[in-house]
$ cat run-v8.cif   # mmCIF, C-alpha atoms and all ligand atoms
data_my_file
loop_
_atom_site.group_PDB
_atom_site.id
_atom_site.type_symbol
_atom_site.label_atom_id
_atom_site.label_comp_id
_atom_site.auth_asym_id
_atom_site.auth_seq_id
_atom_site.Cartn_x
_atom_site.Cartn_y
_atom_site.Cartn_z
ATOM 1 C CA MET A 1 69.647 -230.934 267.626
ATOM 2 C CA ALA A 2 68.128 -233.686 269.762
ATOM 3 C CA VAL A 3 64.664 -235.002 268.976
ATOM 4 C CA LYS A 4 62.404 -234.257 271.935
ATOM 5 C CA LYS A 5 58.869 -233.895 270.639
ATOM 6 C CA ALA A 6 56.403 -236.348 269.177
ATOM 7 C CA VAL A 7 53.285 -235.606 267.157
ATOM 8 C CA ILE A 8 50.487 -238.163 267.101
ATOM 9 C CA PRO A 9 47.780 -237.505 264.510
ATOM 10 C CA ALA A 10 44.496 -238.794 265.950
ATOM 11 C CA ALA A 11 41.794 -236.886 264.137
ATOM 12 C CA GLY A 12 40.696 -239.641 261.745
ATOM 13 C CA LEU A 13 37.056 -240.726 261.713
ATOM 14 C CA GLY A 14 37.744 -244.461 261.876
ATOM 15 C CA THR A 15 34.953 -245.329 259.439
ATOM 16 C CA ARG A 16 36.417 -248.782 258.856
ATOM 17 C CA PHE A 17 35.305 -249.694 262.382
ATOM 18 C CA LEU A 18 31.725 -248.445 262.295
ATOM 19 C CA PRO A 19 29.542 -248.822 264.256
ATOM 20 C CA ALA A 20 32.164 -249.179 267.041
ATOM 21 C CA THR A 21 33.552 -245.749 266.182
ATOM 22 C CA LYS A 22 30.249 -243.915 265.883
ATOM 23 C CA ALA A 23 30.511 -242.292 269.308
ATOM 24 C CA SER A 24 34.004 -243.198 270.472
ATOM 25 C CA PRO A 25 37.372 -242.663 268.826
ATOM 26 C CA LYS A 26 39.054 -245.524 266.979
ATOM 27 C CA GLU A 27 42.212 -244.801 268.979
ATOM 28 C CA MET A 28 40.370 -246.006 272.098
ATOM 29 C CA LEU A 29 39.637 -249.484 270.713
ATOM 30 C CA PRO A 30 41.253 -251.942 273.132
ATOM 31 C CA VAL A 31 44.156 -254.037 271.929
ATOM 32 C CA VAL A 32 43.879 -256.809 274.536
ATOM 33 C CA ASP A 33 43.160 -254.531 277.529
ATOM 34 C CA LYS A 34 44.790 -251.231 276.622
ATOM 35 C CA PRO A 35 43.543 -248.634 274.141
ATOM 36 C CA ALA A 36 45.594 -248.627 270.935
ATOM 37 C CA ILE A 37 46.692 -245.029 271.504
ATOM 38 C CA GLN A 38 48.349 -245.889 274.829
ATOM 39 C CA TYR A 39 50.758 -248.288 273.090
ATOM 40 C CA VAL A 40 51.779 -245.455 270.777
ATOM 41 C CA VAL A 41 52.356 -242.973 273.599
ATOM 42 C CA GLU A 42 54.353 -245.598 275.505
ATOM 43 C CA GLU A 43 56.512 -246.174 272.430
ATOM 44 C CA ALA A 44 57.284 -242.457 272.142
ATOM 45 C CA VAL A 45 58.157 -242.277 275.840
ATOM 46 C CA ARG A 46 60.453 -245.312 275.585
ATOM 47 C CA ALA A 47 62.321 -243.489 272.812
ATOM 48 C CA GLY A 48 62.838 -240.512 275.150
ATOM 49 C CA LEU A 49 60.072 -238.286 273.761
ATOM 50 C CA GLU A 50 58.060 -236.948 276.673
ATOM 51 C CA ASP A 51 56.528 -233.910 275.012
ATOM 52 C CA ILE A 52 53.662 -235.216 272.953
ATOM 53 C CA LEU A 53 51.221 -233.305 270.807
ATOM 54 C CA MET A 54 48.049 -235.089 269.796
ATOM 55 C CA VAL A 55 46.215 -233.759 266.791
ATOM 56 C CA THR A 56 42.552 -234.433 267.512
ATOM 57 C CA GLY A 57 39.145 -233.297 266.366
ATOM 58 C CA ARG A 58 35.458 -233.550 267.239
ATOM 59 C CA ASN A 59 34.430 -236.668 269.237
ATOM 60 C CA LYS A 60 37.960 -237.167 270.592
ATOM 61 C CA ARG A 61 37.304 -236.142 274.210
ATOM 62 C CA PRO A 62 37.856 -239.722 275.501
ATOM 63 C CA LEU A 63 41.513 -239.436 274.433
ATOM 64 C CA GLU A 64 42.033 -236.439 276.692
ATOM 65 C CA ASP A 65 40.174 -238.138 279.534
ATOM 66 C CA HIS A 66 42.275 -241.285 279.164
ATOM 67 C CA PHE A 67 45.556 -239.418 279.656
ATOM 68 C CA ASP A 68 44.162 -237.237 282.463
ATOM 69 C CA ARG A 69 43.655 -238.077 286.142
ATOM 70 C CA ALA A 70 40.405 -239.862 287.044
ATOM 71 C CA VAL A 71 40.063 -238.513 290.562
ATOM 72 C CA GLU A 72 36.837 -240.241 291.626
ATOM 73 C CA LEU A 73 37.880 -243.614 290.263
ATOM 74 C CA GLU A 74 41.292 -243.273 291.901
ATOM 75 C CA GLN A 75 39.716 -242.383 295.270
ATOM 76 C CA SER A 76 37.370 -245.318 295.110
ATOM 77 C CA LEU A 77 40.174 -247.776 294.280
ATOM 78 C CA GLU A 78 42.326 -246.256 297.012
ATOM 79 C CA ALA A 79 39.529 -246.720 299.554
ATOM 80 C CA LYS A 80 39.273 -250.377 298.547
ATOM 81 C CA GLY A 81 43.039 -250.781 298.774
ATOM 82 C CA ASP A 82 43.157 -252.094 295.191
ATOM 83 C CA GLU A 83 46.731 -251.081 294.382
ATOM 84 C CA ASN A 84 46.949 -252.991 291.097
ATOM 85 C CA LYS A 85 43.928 -251.383 289.499
ATOM 86 C CA LEU A 86 44.937 -247.992 290.900
ATOM 87 C CA ALA A 87 48.286 -248.315 289.119
ATOM 88 C CA LEU A 88 46.529 -249.170 285.849
ATOM 89 C CA VAL A 89 44.339 -246.073 286.169
ATOM 90 C CA GLN A 90 47.259 -243.776 287.007
ATOM 91 C CA GLU A 91 49.716 -245.090 284.415
ATOM 92 C CA PRO A 92 48.398 -243.208 281.352
ATOM 93 C CA SER A 93 48.321 -239.849 283.123
ATOM 94 C CA ASP A 94 51.863 -240.275 284.456
ATOM 95 C CA LEU A 95 53.402 -241.207 281.091
ATOM 96 C CA ALA A 96 54.208 -237.885 279.473
ATOM 97 C CA THR A 97 53.201 -234.270 279.037
ATOM 98 C CA ILE A 98 50.474 -234.418 276.431
ATOM 99 C CA HIS A 99 49.237 -231.364 274.546
ATOM 100 C CA TYR A 100 46.274 -231.242 272.203
ATOM 101 C CA VAL A 101 45.490 -229.296 269.081
ATOM 102 C CA ARG A 102 42.453 -229.711 266.865
ATOM 103 C CA GLN A 103 42.803 -230.217 263.167
ATOM 104 C CA GLY A 104 39.556 -228.423 262.265
ATOM 105 C CA ASP A 105 38.985 -229.391 258.654
ATOM 106 C CA PRO A 106 40.082 -232.965 257.940
ATOM 107 C CA ARG A 107 42.320 -232.188 254.974
ATOM 108 C CA GLY A 108 44.701 -235.132 255.217
ATOM 109 C CA LEU A 109 47.725 -236.394 257.134
ATOM 110 C CA GLY A 110 49.985 -233.630 255.820
ATOM 111 C CA HIS A 111 47.513 -231.033 257.041
ATOM 112 C CA ALA A 112 47.288 -232.761 260.457
ATOM 113 C CA VAL A 113 51.076 -232.610 260.809
ATOM 114 C CA LEU A 114 51.074 -228.952 259.744
ATOM 115 C CA THR A 115 48.809 -228.076 262.696
ATOM 116 C CA ALA A 116 51.770 -229.071 264.909
ATOM 117 C CA ALA A 117 54.074 -226.393 263.447
ATOM 118 C CA ASP A 118 53.703 -223.821 266.258
ATOM 119 C CA HIS A 119 54.156 -226.414 268.985
ATOM 120 C CA VAL A 120 57.160 -228.083 267.396
ATOM 121 C CA GLY A 121 59.066 -224.949 266.386
ATOM 122 C CA GLN A 122 62.459 -225.244 264.683
ATOM 123 C CA GLN A 123 63.560 -228.694 265.764
ATOM 124 C CA PRO A 124 63.370 -232.192 264.320
ATOM 125 C CA PHE A 125 60.391 -234.129 265.657
ATOM 126 C CA ALA A 126 58.824 -237.571 265.482
ATOM 127 C CA VAL A 127 55.431 -238.469 264.012
ATOM 128 C CA LEU A 128 53.715 -241.687 265.123
ATOM 129 C CA LEU A 129 50.574 -242.922 263.393
ATOM 130 C CA GLY A 130 48.195 -244.741 265.698
ATOM 131 C CA ASP A 131 47.121 -247.428 263.223
ATOM 132 C CA ASP A 132 50.595 -248.970 263.264
ATOM 133 C CA LEU A 133 51.719 -250.574 266.510
ATOM 134 C CA ILE A 134 55.374 -251.495 266.860
ATOM 135 C CA ASP A 135 56.088 -254.285 269.327
ATOM 136 C CA PHE A 136 57.539 -252.957 272.594
ATOM 137 C CA ARG A 137 60.410 -255.449 272.284
ATOM 138 C CA ASP A 138 61.592 -253.792 269.054
ATOM 139 C CA THR A 139 63.381 -250.458 268.938
ATOM 140 C CA LEU A 140 62.486 -248.826 265.632
ATOM 141 C CA LEU A 141 61.968 -245.245 266.790
ATOM 142 C CA GLU A 142 65.207 -245.184 268.800
ATOM 143 C CA GLN A 143 67.067 -246.331 265.691
ATOM 144 C CA MET A 144 65.383 -243.682 263.535
ATOM 145 C CA ILE A 145 66.253 -240.934 266.004
ATOM 146 C CA ALA A 146 69.881 -242.083 266.013
ATOM 147 C CA VAL A 147 69.963 -241.952 262.183
ATOM 148 C CA GLN A 148 68.431 -238.447 262.189
ATOM 149 C CA GLU A 149 70.974 -237.237 264.734
ATOM 150 C CA ARG A 150 73.819 -238.674 262.658
ATOM 151 C CA GLU A 151 72.683 -237.756 259.147
ATOM 152 C CA GLY A 152 70.362 -234.772 259.695
ATOM 153 C CA GLY A 153 67.347 -234.261 257.460
ATOM 154 C CA SER A 154 64.426 -236.646 257.818
ATOM 155 C CA VAL A 155 63.985 -240.368 258.423
ATOM 156 C CA VAL A 156 61.047 -242.564 257.426
ATOM 157 C CA ALA A 157 60.261 -246.098 258.607
ATOM 158 C CA LEU A 158 59.962 -248.619 255.791
ATOM 159 C CA MET A 159 58.890 -252.229 255.687
ATOM 160 C CA GLU A 160 58.875 -254.780 252.898
ATOM 161 C CA VAL A 161 55.318 -255.757 252.005
ATOM 162 C CA PRO A 162 54.012 -258.267 249.439
ATOM 163 C CA ALA A 163 54.109 -256.538 246.020
ATOM 164 C CA ASP A 164 50.317 -256.625 245.623
ATOM 165 C CA GLN A 165 49.812 -254.680 248.874
ATOM 166 C CA ILE A 166 52.036 -251.703 248.103
ATOM 167 C CA SER A 167 49.111 -249.623 246.842
ATOM 168 C CA LEU A 168 47.815 -249.398 250.424
ATOM 169 C CA TYR A 169 50.904 -247.432 251.462
ATOM 170 C CA GLY A 170 53.366 -244.736 250.559
ATOM 171 C CA ALA A 171 56.110 -246.460 248.542
ATOM 172 C CA ALA A 172 59.816 -245.587 248.489
ATOM 173 C CA ALA A 173 62.471 -245.628 245.793
ATOM 174 C CA VAL A 174 65.798 -246.237 247.518
ATOM 175 C CA GLU A 175 69.468 -246.499 246.737
ATOM 176 C CA SER A 176 70.541 -250.052 247.288
ATOM 177 C CA SER A 177 72.288 -250.745 250.550
ATOM 178 C CA ASP A 178 73.263 -253.784 252.550
ATOM 179 C CA GLY A 179 72.104 -252.619 255.926
ATOM 180 C CA ASP A 180 68.791 -251.450 257.322
ATOM 181 C CA VAL A 181 69.461 -247.759 256.603
ATOM 182 C CA VAL A 182 68.811 -246.660 253.012
ATOM 183 C CA ARG A 183 68.909 -243.356 251.208
ATOM 184 C CA ILE A 184 65.463 -242.499 249.827
ATOM 185 C CA THR A 185 65.423 -241.101 246.293
ATOM 186 C CA GLY A 186 61.685 -240.849 245.761
ATOM 187 C CA LEU A 187 58.339 -241.378 247.486
ATOM 188 C CA VAL A 188 54.902 -241.891 246.033
ATOM 189 C CA GLU A 189 51.638 -242.121 247.940
ATOM 190 C CA LYS A 190 49.606 -245.284 247.307
ATOM 191 C CA PRO A 191 50.829 -246.063 243.787
ATOM 192 C CA ALA A 192 49.171 -248.600 241.509
ATOM 193 C CA VAL A 193 51.008 -251.915 241.851
ATOM 194 C CA GLU A 194 52.564 -251.528 238.386
ATOM 195 C CA ASP A 195 53.830 -248.005 239.152
ATOM 196 C CA ALA A 196 55.377 -248.766 242.562
ATOM 197 C CA PRO A 197 59.115 -248.011 242.717
ATOM 198 C CA SER A 198 59.668 -250.928 245.141
ATOM 199 C CA ASN A 199 57.837 -253.036 247.693
ATOM 200 C CA LEU A 200 59.176 -250.870 250.527
ATOM 201 C CA ALA A 201 56.151 -249.354 252.261
ATOM 202 C CA ILE A 202 56.122 -246.389 254.608
ATOM 203 C CA ILE A 203 54.918 -247.570 257.996
ATOM 204 C CA GLY A 204 53.653 -244.902 260.335
ATOM 205 C CA ARG A 205 56.848 -243.659 261.973
ATOM 206 C CA TYR A 206 58.723 -240.550 260.863
ATOM 207 C CA VAL A 207 61.460 -238.328 262.277
ATOM 208 C CA LEU A 208 61.135 -235.094 260.345
ATOM 209 C CA SER A 209 63.107 -231.959 259.825
ATOM 210 C CA PRO A 210 61.070 -228.805 260.651
ATOM 211 C CA THR A 211 61.565 -227.736 257.015
ATOM 212 C CA VAL A 212 58.671 -230.072 256.277
ATOM 213 C CA PHE A 213 56.287 -227.405 257.632
ATOM 214 C CA ASP A 214 57.397 -224.888 254.986
ATOM 215 C CA VAL A 215 56.808 -227.494 252.301
ATOM 216 C CA LEU A 216 53.442 -228.566 253.744
ATOM 217 C CA ARG A 217 52.197 -224.955 253.657
ATOM 218 C CA ARG A 218 52.398 -225.072 249.866
ATOM 219 C CA THR A 219 51.714 -228.757 249.214
ATOM 220 C CA PRO A 220 48.574 -229.064 247.072
ATOM 221 C CA PRO A 221 46.032 -231.816 247.703
ATOM 222 C CA GLY A 222 47.300 -235.087 246.278
ATOM 223 C CA ARG A 223 46.045 -238.655 246.379
ATOM 224 C CA GLY A 224 42.393 -238.784 247.522
ATOM 225 C CA GLY A 225 42.183 -234.978 247.405
ATOM 226 C CA GLU A 226 44.126 -234.804 250.685
ATOM 227 C CA ILE A 227 47.314 -232.975 251.608
ATOM 228 C CA GLN A 228 49.739 -235.893 251.776
ATOM 229 C CA LEU A 229 52.698 -236.053 254.153
ATOM 230 C CA THR A 230 54.364 -238.379 251.635
ATOM 231 C CA ASP A 231 54.268 -235.648 248.947
ATOM 232 C CA ALA A 232 55.902 -233.105 251.268
ATOM 233 C CA ILE A 233 58.685 -235.498 252.327
ATOM 234 C CA SER A 234 59.232 -236.398 248.690
ATOM 235 C CA GLU A 235 59.878 -232.724 247.969
ATOM 236 C CA LEU A 236 62.380 -232.513 250.849
ATOM 237 C CA ILE A 237 64.612 -234.978 248.994
ATOM 238 C CA ASP A 238 65.749 -232.170 246.668
ATOM 239 C CA THR A 239 67.211 -230.125 249.511
ATOM 240 C CA GLU A 240 67.929 -232.407 252.473
ATOM 241 C CA PRO A 241 68.934 -235.996 253.157
ATOM 242 C CA VAL A 242 65.955 -238.330 253.574
ATOM 243 C CA HIS A 243 66.775 -241.785 254.900
ATOM 244 C CA GLY A 244 64.728 -244.869 255.447
ATOM 245 C CA VAL A 245 65.126 -247.404 258.229
ATOM 246 C CA VAL A 246 63.937 -250.790 256.999
ATOM 247 C CA PHE A 247 62.077 -252.403 259.865
ATOM 248 C CA ARG A 248 62.160 -256.183 260.139
ATOM 249 C CA GLY A 249 60.476 -256.529 263.511
ATOM 250 C CA ARG A 250 56.932 -256.995 264.711
ATOM 251 C CA ARG A 251 54.348 -254.507 263.450
ATOM 252 C CA TYR A 252 50.623 -254.759 264.092
ATOM 253 C CA ASP A 253 48.169 -252.939 261.873
ATOM 254 C CA THR A 254 45.143 -251.895 263.917
ATOM 255 C CA GLY A 255 43.575 -249.794 261.158
ATOM 256 C CA ASP A 256 42.057 -252.743 259.348
ATOM 257 C CA ARG A 257 39.495 -255.052 260.981
ATOM 258 C CA LEU A 258 41.154 -258.367 260.130
ATOM 259 C CA ASP A 259 44.639 -257.104 260.996
ATOM 260 C CA TYR A 260 43.244 -255.637 264.209
ATOM 261 C CA LEU A 261 41.901 -259.045 265.226
ATOM 262 C CA LYS A 262 45.275 -260.618 264.416
ATOM 263 C CA ALA A 263 47.036 -257.968 266.523
ATOM 264 C CA VAL A 264 44.811 -258.710 269.516
ATOM 265 C CA VAL A 265 45.411 -262.468 269.234
ATOM 266 C CA ARG A 266 49.170 -262.129 268.691
ATOM 267 C CA LEU A 267 49.674 -259.733 271.578
ATOM 268 C CA ALA A 268 47.408 -261.717 273.903
ATOM 269 C CA ALA A 269 49.238 -264.940 272.973
ATOM 270 C CA ASP A 270 52.503 -263.367 274.159
ATOM 271 C CA ARG A 271 51.080 -262.375 277.525
ATOM 272 C CA GLU A 272 51.970 -264.428 280.572
ATOM 273 C CA ASP A 273 48.508 -264.184 282.100
ATOM 274 C CA LEU A 274 46.400 -264.706 278.973
ATOM 275 C CA GLY A 275 48.710 -266.476 276.516
ATOM 276 C CA PRO A 276 48.742 -270.074 277.809
ATOM 277 C CA PRO A 277 44.957 -270.431 278.306
ATOM 278 C CA LEU A 278 44.247 -268.607 275.018
ATOM 279 C CA LEU A 279 46.608 -270.870 273.047
ATOM 280 C CA ASP A 280 45.211 -274.002 274.739
ATOM 281 C CA TRP A 281 41.723 -272.955 273.743
ATOM 282 C CA LEU A 282 42.749 -272.077 270.170
ATOM 283 C CA ARG A 283 44.410 -275.479 269.721
ATOM 284 C CA GLU A 284 41.259 -277.196 270.915
ATOM 285 C CA TRP A 285 38.842 -275.014 268.993
ATOM 286 C CA LEU A 286 40.549 -274.658 265.600
ATOM 287 C CA PRO A 287 40.274 -278.343 264.603
ATOM 288 C CA THR A 288 36.504 -278.072 265.112
ATOM 289 C CA ARG A 289 36.275 -275.275 262.463
HETATM 290 C C1 LIG B 301 49.320 -243.158 255.803
HETATM 291 C C2 LIG B 301 50.362 -242.561 254.849
HETATM 292 C C3 LIG B 301 51.002 -243.673 254.018
HETATM 293 C C4 LIG B 301 51.587 -244.721 254.954
HETATM 294 C C5 LIG B 301 50.513 -245.247 255.932
HETATM 295 C C6 LIG B 301 51.142 -246.147 256.971
HETATM 296 O O1 LIG B 301 48.248 -243.665 255.027
HETATM 297 O O2 LIG B 301 49.738 -241.611 254.018
HETATM 298 O O3 LIG B 301 52.022 -243.146 253.227
HETATM 299 O O4 LIG B 301 52.095 -245.788 254.195
HETATM 300 O O5 LIG B 301 49.872 -244.170 256.625
HETATM 301 O O6 LIG B 301 50.188 -246.721 257.825
HETATM 302 P P1 LIG B 301 46.824 -244.079 255.670
HETATM 303 O O7 LIG B 301 46.981 -245.486 256.142
HETATM 304 O O8 LIG B 301 46.533 -243.117 256.766
HETATM 305 O O9 LIG B 301 45.851 -243.979 254.537
#
$ encode --input "run-v8.cif" --output "structure tokens"
Amino acid sequence: MAVKKAVIPAAGLGTRFLPATKASPKEMLPVVDKPAIQYVVEEAVRAGLEDILMVTGRNKRPLEDHFDRAVELEQSLEAKGDENKLALVQEPSDLATIHYVRQGDPRGLGHAVLTAADHVGQQPFAVLLGDDLIDFRDTLLEQMIAVQEREGGSVVALMEVPADQISLYGAAAVESSDGDVVRITGLVEKPAVEDAPSNLAIIGRYVLSPTVFDVLRRTPPGRGGEIQLTDAISELIDTEPVHGVVFRGRRYDTGDRLDYLKAVVRLAADREDLGPPLLDWLREWLPTR
């Protein structure tokens, strides 16, 4: 069955970015000049997923406003004849059909995904985590969808990370393979460095079989007292194929302050309008530090 729906968990409190996230969602933090969440929605749409469910919570109204029409602003730009800005305002609301569900109690990523069960129904679906941005020139999600359609079951995005960083992620045990597609034999959420089965980290892209909902309904709280998506997928391995696609492209982590700053600089440096003057300035300024 074709993958048509995407779920974007966006209920997190974003405490790593306080005070910026006190009154506005972390997903709205600009990466250059676009909120982080818009990159994620655009990625889903590029992969052919135009039915998107966002799992939100309290204080997330700006997300809904961002993907809705802004009638007064549009009228005022129209009256001024400012076509460029008008297009920028209209773009997010024209991207996809976006639905919203609230998570209620914040009981973890697995619980957030479970709130999507009714909307998703009995078909495979994608999950995109907003803290991980995948460069628009890379095609990770498309590749994962193709693997799911060929092999069935579920597919998880993996990336090699330095061994000492694996405890920040879900880690995968895999059967060795030459290519980028591996068979996953085990998953563990944020293991201690010495317990990690490999340095292959789960990055926030999944294409999941709907069976995951049945498992999530009975998954007990795991690491950090939260219902972990990693634990549920790990259980799927007993009954269904679970593959990993090892990503070797450009990923930007916007969930951490330093990595967020790097993402802004890297993406701005690649832009035609901002890149050349930014790089000129950096070259001049860095030697003075
Ligand atoms: C979540 C997942 C983890 C995964 C990570 C990717 O953790 O639980 O398995 O490696 O996203 O970004 P979080 O970063 O939300 O704590």
$ closest_atom_pairs --input "run-v8.cif" --of "region 107-149 of chain A" --to "region 219-236 of chain A" --cutoff "10 Å" --atoms "all atoms listed in the file" --output "tab-separated table"
residue	atom	partner	partner_atom	distance
A:Arg107	CA	A:Glu226	CA	5.3
A:Gly108	CA	A:Glu226	CA	4.6
A:Leu109	CA	A:Gln228	CA	5.7
A:Gly110	CA	A:Leu229	CA	4.0
A:His111	CA	A:Ile227	CA	5.8
A:Ala112	CA	A:Ile227	CA	8.9
A:Val113	CA	A:Leu229	CA	7.7
A:Leu114	CA	A:Leu229	CA	9.2
$ resolve_selection --input "run-v8.cif" --expression "the PyMOL selection byres (((not hetatm)) within 7 of (chain B and resi 301))" --output "ChimeraX atom specification"
/A:109,129,131-132,168-171,189-190,201-204,228-230
$ resolve_selection --input "run-v8.cif" --expression "the PyMOL selection byres (((chain A and resi 244) around 8) and not hetatm)" --output "PyMOL selection string"
chain A and resi 155-158+180-184+242-243+245-246
$ closest_residue --input "run-v8.cif" --among "A:Pro241, A:Gly130, A:Gly249, A:Pro276" --to "Ala44 (chain A)" --atoms "all atoms listed in the file"
A:Gly130
$ axis_aligned_box --input "run-v8.cif" --around "region 14-32 of chain A" --padding-each-side "3 Å" --output "lines of an AutoDock Vina configuration file"
center_x = 36.8
center_y = -249.6
center_z = 266.7
size_x = 20.6
size_y = 20.5
size_z = 21.7
$ atom_distance --input "run-v8.cif" --atom1 "CA of Ala173 (chain A)" --atom2 "CA of Val188 (chain A)"
8.4 Å
$ residues_near_point --input "run-v8.cif" --point "(52.1, -238.4, 281.9)" --cutoff "10 Å" --atoms "all atoms listed in the file" --output "PyMOL selection string"
chain A and resi 41-42+45+50-52+67-69+90-98
$ residues_around --input "run-v8.cif" --residues "Asp256 (chain A)" --least-positions-apart "5" --cutoff "10 Å" --atoms "all atoms listed in the file" --output "list in words"
Gly14, Arg16, Phe17, Asp131, Leu261 and Lys262 of chain A
$ atom_distance --input "run-v8.cif" --atom1 "CA of Lys4 (chain A)" --atom2 "CA of Val215 (chain A)"
21.5 Å
$ closest_residue --input "run-v8.cif" --among "A:Tyr100, A:Gln75, A:Met1, A:Ile145" --to "Leu49 (chain A)" --atoms "all atoms listed in the file"
A:Ile145
